[in-house]
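Asks: Just work_15.cif, nothing more (mmCIF, C-alpha atoms):
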data_work
loop_
_atom_site.label_atom_id
_atom_site.label_comp_id
_atom_site.auth_asym_id
_atom_site.auth_seq_id
_atom_site.Cartn_x
_atom_site.Cartn_y
_atom_site.Cartn_z
CA MET K 1 -37.54 -45.31 -203.00
CA SER K 2 -39.31 -48.52 -202.04
CA PHE K 3 -42.38 -48.54 -199.79
CA ALA K 4 -40.33 -50.28 -197.07
CA ASP K 5 -37.69 -47.53 -197.24
CA ARG K 6 -40.37 -44.84 -197.03
CA ILE K 7 -41.83 -46.49 -193.93
CA SER K 8 -38.39 -46.73 -192.34
CA ASP K 9 -37.60 -43.07 -193.01
CA PHE K 10 -41.04 -41.96 -191.86
CA LYS K 11 -40.76 -43.96 -188.64
CA GLU K 12 -37.29 -42.58 -187.90
CA SER K 13 -38.44 -38.99 -188.43
CA LEU K 14 -41.39 -39.49 -186.08
CA GLN K 15 -39.18 -41.07 -183.44
CA ARG K 16 -36.63 -38.24 -183.67
CA ARG K 17 -39.34 -35.66 -183.26
CA ARG K 18 -41.04 -37.53 -180.42
CA PHE K 19 -37.97 -38.18 -178.32
CA THR K 20 -36.10 -34.90 -178.86
CA GLU K 21 -39.18 -32.73 -178.36
CA PRO K 22 -39.39 -33.36 -174.57
CA LEU K 23 -35.92 -31.86 -174.16
CA ARG K 24 -37.43 -28.50 -175.07
CA THR K 25 -40.00 -28.66 -172.25
CA GLN K 26 -37.38 -27.42 -169.81
CA ARG K 27 -37.28 -24.07 -171.62
CA LEU K 28 -41.03 -23.66 -171.24
CA LYS K 29 -40.64 -22.62 -167.61
CA MET K 30 -38.93 -19.43 -168.68
CA ASP K 31 -42.02 -18.34 -170.59
CA ILE K 32 -44.56 -18.91 -167.80
CA LYS K 33 -46.03 -15.97 -165.93
CA GLU K 34 -45.77 -16.13 -162.16
CA GLU K 35 -48.96 -17.45 -160.58
CA LYS K 36 -50.23 -16.50 -157.15
CA LEU K 37 -50.08 -19.60 -154.97
CA SER K 38 -51.97 -20.43 -151.81
CA PRO K 39 -49.95 -21.16 -148.64
CA GLU K 40 -50.76 -24.85 -149.08
CA GLU K 41 -49.44 -24.84 -152.65
CA GLU K 42 -46.27 -23.01 -151.62
CA LYS K 43 -45.65 -25.59 -148.91
CA LEU K 44 -46.26 -28.42 -151.36
CA ASN K 45 -43.96 -26.91 -153.98
CA LYS K 46 -41.12 -26.68 -151.46
CA MET K 47 -41.21 -30.45 -150.97
CA SER K 48 -38.93 -32.61 -153.08
CA ILE K 49 -40.39 -35.14 -155.49
CA GLU K 50 -38.92 -37.91 -153.33
CA GLU K 51 -40.81 -36.59 -150.30
CA LYS K 52 -44.07 -36.38 -152.22
CA LEU K 53 -43.71 -39.89 -153.61
CA LYS K 54 -43.52 -41.23 -150.04
CA ILE K 55 -46.92 -39.77 -149.16
CA PRO K 56 -49.65 -42.50 -149.23
CA VAL K 57 -52.39 -41.77 -151.77
CA ASN K 58 -55.54 -43.38 -153.12
CA ASP K 59 -58.10 -42.66 -155.82
CA PRO K 60 -61.59 -43.10 -154.31
CA ALA K 61 -63.17 -43.37 -157.77
CA CYS K 62 -60.92 -46.28 -158.83
CA VAL K 63 -60.69 -48.96 -156.14
CA PRO K 64 -59.18 -52.28 -157.35
CA GLU K 65 -61.09 -54.28 -154.74
CA GLU K 66 -64.42 -52.67 -155.71
CA PRO K 67 -64.46 -52.12 -159.49
CA VAL K 68 -67.43 -50.21 -160.91
CA THR K 69 -69.39 -51.43 -163.93
CA VAL K 70 -70.64 -48.44 -165.91
CA THR K 71 -74.21 -48.81 -167.22
CA PHE K 72 -75.85 -47.92 -170.53
CA ALA K 73 -78.13 -45.49 -168.67
CA GLU K 74 -75.07 -43.53 -167.58
CA VAL K 75 -73.85 -43.29 -171.16
CA THR K 76 -77.20 -41.94 -172.38
CA SER K 77 -77.24 -39.48 -169.47
CA ALA K 78 -73.78 -38.28 -170.49
CA ALA K 79 -74.90 -37.87 -174.11
CA PHE K 80 -77.75 -35.60 -173.06
CA LYS K 81 -75.66 -33.49 -170.70
CA ILE K 82 -72.67 -32.85 -172.98
CA LYS K 83 -74.47 -32.47 -176.32
CA ASP K 84 -74.16 -28.68 -176.36
CA ASN K 85 -70.45 -28.71 -175.47
CA ILE K 86 -69.11 -31.50 -177.68
CA LEU K 87 -68.85 -31.71 -181.44
CA ARG K 88 -70.80 -34.55 -183.08
CA THR K 89 -67.90 -35.56 -185.29
CA PRO K 90 -68.34 -36.95 -188.82
CA CYS K 91 -68.10 -40.69 -189.47
CA VAL K 92 -67.12 -40.77 -193.12
CA VAL K 93 -66.37 -43.46 -195.68
CA SER K 94 -62.62 -44.02 -195.88
CA HIS K 95 -60.56 -43.97 -199.06
CA MET K 96 -59.19 -47.31 -197.85
CA SER K 97 -62.54 -48.94 -198.60
CA GLU K 98 -61.68 -49.52 -202.26
CA CYS K 99 -58.29 -51.03 -201.39
CA GLU K 100 -59.75 -53.45 -198.87
CA GLY K 101 -62.93 -54.39 -200.73
CA MET K 102 -65.24 -53.38 -197.88
CA GLU K 103 -66.84 -50.26 -196.50
CA ILE K 104 -64.58 -48.67 -193.90
CA PHE K 105 -65.72 -45.62 -191.95
CA LEU K 106 -63.54 -43.23 -189.95
CA LYS K 107 -64.89 -41.51 -186.84
CA GLN K 108 -63.05 -38.18 -186.98
CA GLU K 109 -62.61 -37.37 -183.31
CA PHE K 110 -59.53 -35.27 -184.04
CA MET K 111 -62.01 -32.56 -185.00
CA GLN K 112 -62.87 -31.94 -181.35
CA ARG K 113 -61.59 -28.55 -180.18
CA SER K 114 -58.70 -30.01 -178.19
CA GLY K 115 -58.02 -32.69 -180.81
CA SER K 116 -59.30 -35.95 -179.33
CA PHE K 117 -62.25 -37.96 -178.00
CA LYS K 118 -61.04 -37.18 -174.45
CA GLU K 119 -63.28 -34.12 -174.42
CA ARG K 120 -66.37 -36.29 -174.04
CA GLY K 121 -65.39 -37.79 -170.72
CA ALA K 122 -63.71 -34.66 -169.43
CA CYS K 123 -66.76 -32.52 -170.07
CA TYR K 124 -69.14 -35.00 -168.43
CA ALA K 125 -66.90 -35.54 -165.39
CA LEU K 126 -66.67 -31.78 -164.81
CA MET K 127 -70.41 -31.29 -165.23
CA MET K 128 -71.13 -34.02 -162.67
CA LEU K 129 -69.07 -32.41 -159.91
CA PRO K 130 -70.93 -31.10 -156.84
CA GLU K 131 -71.16 -27.30 -156.89
CA ALA K 132 -68.74 -26.90 -154.00
CA GLN K 133 -66.14 -28.99 -155.76
CA LYS K 134 -66.60 -27.08 -159.02
CA LYS K 135 -65.44 -23.99 -157.16
CA LYS K 136 -62.54 -25.78 -155.50
CA GLY K 137 -61.28 -27.39 -158.71
CA VAL K 138 -59.89 -30.63 -160.10
CA VAL K 139 -56.49 -32.17 -160.78
CA ALA K 140 -55.35 -34.85 -163.23
CA ALA K 141 -52.20 -36.56 -164.47
CA SER K 142 -51.77 -36.68 -168.22
CA ALA K 143 -49.12 -36.46 -170.90
CA GLY K 144 -51.43 -34.60 -173.24
CA ASN K 145 -54.94 -35.29 -174.49
CA HIS K 146 -56.80 -35.72 -171.18
CA ALA K 147 -55.00 -32.68 -169.79
CA GLN K 148 -55.97 -30.52 -172.78
CA ALA K 149 -59.58 -31.69 -172.68
CA LEU K 150 -59.93 -30.91 -168.96
CA CYS K 151 -58.32 -27.49 -169.31
CA TYR K 152 -60.51 -26.57 -172.27
CA HIS K 153 -63.82 -27.59 -170.71
CA GLY K 154 -62.78 -26.43 -167.25
CA LYS K 155 -62.40 -22.93 -168.65
CA LYS K 156 -65.77 -23.14 -170.41
CA LEU K 157 -67.53 -24.44 -167.29
CA GLY K 158 -65.72 -22.22 -164.81
CA VAL K 159 -63.93 -25.07 -163.01
CA PRO K 160 -60.26 -24.50 -162.02
CA VAL K 161 -58.07 -27.24 -163.50
CA THR K 162 -54.57 -28.31 -162.51
CA VAL K 163 -52.75 -30.88 -164.63
CA VAL K 164 -49.58 -32.72 -163.65
CA MET K 165 -47.67 -33.58 -166.80
CA PRO K 166 -44.57 -35.81 -166.83
CA VAL K 167 -41.30 -34.33 -168.05
CA PHE K 168 -41.55 -36.16 -171.38
CA ALA K 169 -44.91 -34.57 -172.27
CA PRO K 170 -44.80 -32.88 -175.72
CA ILE K 171 -44.22 -29.16 -175.41
CA MET K 172 -47.10 -28.40 -177.80
CA LYS K 173 -49.53 -30.15 -175.47
CA ILE K 174 -48.13 -28.38 -172.42
CA GLN K 175 -48.53 -25.03 -174.14
CA ALA K 176 -52.06 -25.95 -175.23
CA CYS K 177 -53.02 -26.57 -171.59
CA TYR K 178 -51.79 -23.11 -170.66
CA ARG K 179 -53.63 -21.64 -173.63
CA PHE K 180 -56.84 -23.35 -172.51
CA GLY K 181 -56.50 -21.75 -169.08
CA GLY K 182 -55.17 -24.63 -166.98
CA LYS K 183 -52.54 -24.60 -164.26
CA VAL K 184 -49.71 -26.87 -165.40
CA VAL K 185 -47.21 -28.66 -163.20
CA VAL K 186 -44.46 -30.42 -165.19
CA GLU K 187 -43.35 -33.07 -162.73
CA GLY K 188 -42.65 -36.79 -162.69
CA ASN K 189 -40.30 -38.98 -164.71
CA ASN K 190 -43.12 -41.26 -165.86
CA MET K 191 -46.91 -41.49 -165.75
CA GLN K 192 -46.90 -43.49 -162.49
CA GLU K 193 -45.01 -40.70 -160.75
CA ALA K 194 -47.17 -37.99 -162.35
CA ARG K 195 -50.31 -39.79 -161.17
CA HIS K 196 -48.98 -40.11 -157.62
CA LEU K 197 -47.99 -36.45 -157.54
CA ALA K 198 -51.42 -35.42 -158.82
CA LEU K 199 -53.10 -37.50 -156.11
CA VAL K 200 -50.89 -35.82 -153.50
CA ARG K 201 -52.11 -32.44 -154.76
CA ALA K 202 -55.70 -33.66 -154.60
CA SER K 203 -55.23 -34.75 -151.00
CA LYS K 204 -53.32 -31.70 -149.77
CA LEU K 205 -55.26 -29.03 -151.67
CA GLY K 206 -58.78 -30.47 -151.52
CA LEU K 207 -59.05 -31.00 -155.28
CA THR K 208 -60.96 -33.77 -157.05
CA TYR K 209 -58.68 -36.16 -158.93
CA ILE K 210 -60.06 -37.24 -162.32
CA ASN K 211 -58.44 -40.32 -163.81
CA GLY K 212 -58.19 -39.92 -167.57
CA TYR K 213 -59.43 -43.41 -168.47
CA ASP K 214 -60.86 -45.07 -165.37
CA HIS K 215 -63.15 -42.59 -163.64
CA PRO K 216 -66.74 -43.87 -164.15
CA HIS K 217 -67.87 -40.51 -165.53
CA ILE K 218 -64.95 -40.50 -167.97
CA ILE K 219 -65.95 -43.97 -169.23
CA ALA K 220 -69.60 -42.93 -169.58
CA GLY K 221 -68.60 -39.80 -171.48
CA GLN K 222 -66.40 -41.74 -173.91
CA GLY K 223 -69.36 -44.06 -174.48
CA THR K 224 -71.21 -41.27 -176.27
CA LEU K 225 -68.87 -41.86 -179.19
CA GLY K 226 -70.36 -45.36 -179.51
CA LEU K 227 -73.88 -43.94 -179.58
CA GLU K 228 -72.93 -41.64 -182.44
CA ILE K 229 -71.36 -44.48 -184.43
CA ILE K 230 -74.61 -46.46 -184.29
CA GLU K 231 -76.60 -43.39 -185.32
CA GLN K 232 -74.27 -42.63 -188.23
CA VAL K 233 -73.68 -46.21 -189.44
CA PRO K 234 -76.76 -48.18 -188.26
CA ASP K 235 -75.74 -51.44 -189.96
CA VAL K 236 -72.13 -51.47 -188.77
CA ASP K 237 -70.67 -54.99 -188.55
CA ALA K 238 -67.53 -54.31 -186.51
CA VAL K 239 -65.87 -51.40 -184.72
CA VAL K 240 -62.10 -51.22 -184.24
CA ILE K 241 -61.07 -49.27 -181.13
CA PRO K 242 -57.57 -48.43 -179.82
CA ILE K 243 -56.77 -49.42 -176.23
CA GLY K 244 -54.57 -47.60 -173.76
CA GLY K 245 -56.05 -47.42 -170.28
CA GLY K 246 -59.30 -48.87 -171.57
CA GLY K 247 -61.74 -46.01 -171.00
CA LEU K 248 -62.67 -45.51 -174.65
CA ILE K 249 -63.23 -49.17 -175.50
CA ALA K 250 -65.16 -49.70 -172.25
CA GLY K 251 -67.62 -46.88 -172.86
CA ALA K 252 -67.92 -47.28 -176.64
CA ALA K 253 -68.27 -51.07 -176.51
CA LEU K 254 -70.94 -50.79 -173.82
CA ALA K 255 -72.94 -48.34 -175.94
CA ILE K 256 -72.52 -50.24 -179.22
CA LYS K 257 -73.29 -53.69 -177.84
CA SER K 258 -76.34 -52.36 -175.96
CA LEU K 259 -77.83 -51.11 -179.23
CA ARG K 260 -76.39 -53.66 -181.65
CA PRO K 261 -75.44 -56.88 -179.82
CA ASN K 262 -74.17 -58.65 -182.96
CA CYS K 263 -71.64 -55.94 -183.81
CA LYS K 264 -68.08 -57.14 -183.23
CA ILE K 265 -65.84 -55.07 -180.98
CA ILE K 266 -62.17 -55.36 -181.90
CA GLY K 267 -59.58 -53.72 -179.68
CA VAL K 268 -56.11 -52.75 -180.93
CA GLU K 269 -53.04 -52.10 -178.81
CA SER K 270 -49.30 -51.77 -179.32
CA ASP K 271 -47.00 -54.68 -178.63
CA ARG K 272 -45.00 -52.20 -176.58
CA SER K 273 -47.84 -51.81 -174.07
CA PRO K 274 -50.13 -54.89 -174.33
CA GLY K 275 -51.94 -54.16 -171.09
CA PHE K 276 -55.45 -55.20 -172.06
CA THR K 277 -54.35 -58.44 -173.73
CA THR K 278 -52.30 -59.39 -170.69
CA SER K 279 -55.13 -58.47 -168.34
CA MET K 280 -57.62 -60.56 -170.33
CA SER K 281 -55.27 -63.55 -170.09
CA CYS K 282 -54.87 -63.08 -166.33
CA GLY K 283 -58.53 -62.30 -165.70
CA LYS K 284 -57.75 -59.01 -163.94
CA PRO K 285 -55.89 -55.73 -164.57
CA THR K 286 -52.20 -56.64 -164.74
CA ILE K 287 -49.16 -54.37 -164.93
CA VAL K 288 -47.03 -54.65 -168.06
CA THR K 289 -43.69 -53.16 -169.00
CA VAL K 290 -44.14 -50.19 -171.33
CA ARG K 291 -41.60 -49.34 -174.01
CA PRO K 292 -41.41 -46.14 -176.12
CA SER K 293 -43.90 -46.18 -178.98
CA LEU K 294 -45.24 -44.00 -181.77
CA ALA K 295 -48.62 -44.62 -180.15
CA ASP K 296 -47.57 -42.81 -176.98
CA GLY K 297 -51.18 -42.16 -176.01
CA LEU K 298 -51.69 -45.90 -175.60
CA ALA K 299 -48.58 -46.44 -173.48
CA VAL K 300 -50.31 -47.27 -170.20
CA PRO K 301 -48.76 -49.89 -167.89
CA LEU K 302 -52.01 -50.85 -166.15
CA VAL K 303 -55.53 -50.77 -167.61
CA GLY K 304 -58.17 -49.17 -165.43
CA VAL K 305 -60.02 -51.38 -162.97
CA ASN K 306 -63.42 -49.87 -163.81
CA ALA K 307 -62.64 -49.83 -167.52
CA PHE K 308 -61.62 -53.49 -167.48
CA GLN K 309 -64.63 -54.48 -165.41
CA THR K 310 -66.95 -52.74 -167.88
CA ALA K 311 -65.20 -53.70 -171.14
CA GLN K 312 -64.26 -57.36 -170.72
CA GLN K 313 -67.76 -58.68 -171.37
CA TYR K 314 -68.13 -56.72 -174.62
CA VAL K 315 -64.75 -57.04 -176.35
CA ASP K 316 -64.73 -59.86 -178.92
CA LYS K 317 -61.07 -59.71 -179.92
CA VAL K 318 -57.88 -57.77 -179.23
CA VAL K 319 -55.19 -57.37 -181.89
CA VAL K 320 -51.64 -56.53 -180.82
CA VAL K 321 -49.71 -54.64 -183.52
CA LYS K 322 -46.00 -54.02 -184.04
CA GLU K 323 -44.42 -50.60 -184.29
CA GLU K 324 -43.87 -50.98 -188.04
CA TRP K 325 -47.60 -51.39 -188.62
CA ILE K 326 -48.36 -48.30 -186.58
CA ALA K 327 -45.95 -46.35 -188.81
CA ILE K 328 -47.65 -47.75 -191.92
CA ALA K 329 -51.07 -46.81 -190.54
CA ILE K 330 -49.94 -43.25 -189.86
CA LEU K 331 -48.50 -42.99 -193.36
CA ARG K 332 -51.73 -44.35 -194.88
CA MET K 333 -53.78 -41.83 -192.92
CA VAL K 334 -51.58 -38.98 -194.11
CA GLU K 335 -51.49 -40.04 -197.74
CA MET K 336 -55.06 -41.30 -198.19
CA GLU K 337 -57.15 -39.47 -195.60
CA LYS K 338 -55.05 -36.30 -195.24
CA CYS K 339 -55.23 -36.65 -191.46
CA VAL K 340 -53.68 -38.52 -188.54
#
Could you write out this structure as structure tokens?
Replies:
Amino acid sequence: MSFADRISDFKESLQRRRFTEPLRTQRLKMDIKEEKLSPEEEKLNKMSIEEKLKIPVNDPACVPEEPVTVTFAEVTSAAFKIKDNILRTPCVVSHMSECEGMEIFLKQEFMQRSGSFKERGACYALMMLPEAQKKKGVVAASAGNHAQALCYHGKKLGVPVTVVMPVFAPIMKIQACYRFGGKVVVEGNNMQEARHLALVRASKLGLTYINGYDHPHIIAGQGTLGLEIIEQVPDVDAVVIPIGGGGLIAGAALAIKSLRPNCKIIGVESDRSPGFTTSMSCGKPTIVTVRPSLADGLAVPLVGVNAFQTAQQYVDKVVVVKEEWIAIAILRMVEMEKCV
């Protein structure tokens, strides 16, 4: 079988798994234990989705007219606060180095307990809550990684966490949120609806809404990854960072450029959700049409206002890649690095 045929088969198998898996989420409800709800929650649950979507909402931490620029001091503060709760992941030389004729390092954030870098921001955001709000709890909208990270660290820190996950969220990630002790609401046909419904819950139930990529504390927490890269590879020439909502590249680029100004920051996003590229061209966060992608974690229609405000001055270049190249990259990671 040719390499092209292998890529085609691999891509098709991933797509089949990705887009048939959500159909099984409906069966998850049968396995959930009944939870005791407050009168406010019962009233909210009796409302239809259409009724909830008509309720005006806003996120006080992410105001388009007043974007926040996260500072390097906030990143270093986050690093100090979360150091005992977050794994300092390895940054190892890649097997691809020999093929490409250069030293390539991989920052292995998949080794975090919940499987992604999202733990950094989630942990810091929870730790920075006022004591009264820690008791009341938080809510977020997420299809997976942010939700898992919040649930995991919420349980460790004693903060009640509710996550609103859209109906297409992978069942494994929904189950992980339950396993980590979170309250899960599977609601919303897309991320925009899930976000709105989460903000409604925040408003009606007195919870703090934590945006998964645009809350200033989330951005600062993700920036700790950049600090570690500089510590582990002091002479790094360039860092390639994936872009979805922009929180990771904003925090990491801020940290890296503050310590090593000549290091190039290269962002990468899917051509099926080129939000950052479009926003850079327009000079402000701009909504794009999102299509299904293997890189579902990057499928965000609008980059964060705070993330964009922080990142735009540090990003040297953004590369938009096609779906075929994402499939090839996944295959390379499996075959050469034994990880994805």
Asks: Choose the residue, out of K:Ile82, K:Ala73, K:Ile174, K:Val233, that has the smallest atom-to-atom separation from Leu157 in chain K; count all atoms listed in the file.
Replies: K:Ile82
Asks: Kindly resolve the PyMOL selection byres ((chain K and resi 175-178) around 9) on the present coordinates and return the residues as a list of chain:residue names.
Replies: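 Output from the PyMOL selection byres ((chain K and resi 175-178) around 9), applied to this file: K:Leu28, K:Ile32, K:Ser114, K:Gly144, K:Ala147, K:Gln148, K:Ala149, K:Leu150, K:Cys151, K:Tyr152, K:Val163, K:Pro170, K:Ile171, K:Met172, K:Lys173, K:Ile174, K:Arg179, K:Phe180, K:Gly181, K:Gly182, K:Lys183, K:Val184.
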Asks: Tell me which residues the PyMOL selection byres ((chain K and resi 201) around 12) grabs here, as a PyMOL selection string.
Replies: chain K and resi 40-45+47+52-53+55-59+137-141+161-164+185+187+194-200+202-210
Asks: Residue by residue, what does the PyMOL selection byres ((chain K and resi 105) around 9) grab here? Present the result as an MDAnalysis selection string.
Replies: chainID K and resid 91:97 103:104 106:107 233
Asks: What is the CA of Gly221 in chain K to CA of Val167 in chain K distance in Å?
Replies: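 Interatomic distance here is 28.1 Å.
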Asks: Find, counting all atoms listed in the file, the residue in K:Val63, K:Ile86, K:Cys123, K:Val68 that gets nearest to Lys155 in chain K.
Replies: K:Cys123
Asks: Nearest residue to Ala238 in chain K out of K:Lys284, K:Arg113, K:Lys264, K:Lys83, using only C-alpha atoms?
Replies: K:Lys264
Asks: Mind giving me the straight-line distance from CA of Leu259 in chain K to CA of Asp237 in chain K in Å, one decimal?
Replies: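 If I compute the distance from CA of Leu259 in chain K to CA of Asp237 in chain K, I get 12.4 Å.
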Asks: What are the closest atom pairs, with distances in Å to one decimal, for each residue of range 154-259 of chain K lying within 10 Å of range 295-300 of chain K, using only C-alpha atoms, rows by chain and rising residue number, as CSV?
Replies:
residue,atom,partner,partner_atom,distance
K:Ala169,CA,K:Asp296,CA,9.9
K:Met191,CA,K:Val300,CA,8.0
K:Gln192,CA,K:Val300,CA,9.2
K:Pro242,CA,K:Leu298,CA,7.7
K:Ile243,CA,K:Leu298,CA,6.2
K:Gly244,CA,K:Leu298,CA,3.8
K:Gly245,CA,K:Val300,CA,5.7
K:Gly246,CA,K:Leu298,CA,9.1
Asks: Keeping C-alpha atoms, export the residues of the selection given above as a PDB file, in the coordinates of the input.
Replies:
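Listed below is the output, part-v5.pdb:
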ATOM      1  CA  ALA K 169     -44.910 -34.570-172.270  1.00  0.00           C
ATOM      2  CA  MET K 191     -46.910 -41.490-165.750  1.00  0.00           C
ATOM      3  CA  GLN K 192     -46.900 -43.490-162.490  1.00  0.00           C
ATOM      4  CA  PRO K 242     -57.570 -48.430-179.820  1.00  0.00           C
ATOM      5  CA  ILE K 243     -56.770 -49.420-176.230  1.00  0.00           C
ATOM      6  CA  GLY K 244     -54.570 -47.600-173.760  1.00  0.00           C
ATOM      7  CA  GLY K 245     -56.050 -47.420-170.280  1.00  0.00           C
ATOM      8  CA  GLY K 246     -59.300 -48.870-171.570  1.00  0.00           C
TER       9      GLY K 246
END
Asks: Record the distance separating CA of Val236 in chain K and CA of Pro261 in chain K, expressed in Å with one decimal.
Replies: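 Distance between the two atoms: 11.0 Å.
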Asks: With 10 Å as the threshold, what does the neighbourhood of (-70.7, -30.1, -172.4) contain in terms of residues, counting all atoms listed in the file? Coordinates are those of the file; answer as a list in words.
Replies: Ala78, Ala79, Phe80, Lys81, Ile82, Lys83, Asp84, Asn85, Ile86, Leu87, Glu119, Arg120, Gly121, Ala122, Cys123, Tyr124, Ala125, Leu126, Met127, His153, Lys156, Leu157 and Gly221 of chain K
Asks: Would you kindly return, as a list in words, each protein, DNA or RNA residue with an atom no farther than 12 Å from any atom of Cys263 in chain K, considering only C-alpha atoms and excluding same-chain residues fewer than 4 positions away?
Replies: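 So the residues in contact are Gly226, Ile229, Ile230, Val233, Pro234, Asp235, Val236, Asp237, Ala238, Val239, Val240, Ala252, Ala253, Leu254, Ala255, Ile256, Lys257, Ser258, Leu259, Tyr314, Val315, Asp316 and Lys317 of chain K.
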Asks: Pick out the closest residue to Gln222 in chain K from this set: K:Met128, K:Ile249, K:Met165, K:Gly283. Count all atoms listed in the file.
Replies: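 Among the listed residues, K:Ile249 lies closest to Gln222 in chain K.
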Asks: Using all atoms listed in the file, pick whichever of K:Asp271, K:Glu51, K:Asp214, K:Glu109 has the shortest atom-to-atom distance to Glu324 in chain K.
Replies: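 Among the listed residues, the smallest separation from Glu324 in chain K belongs to K:Asp271.
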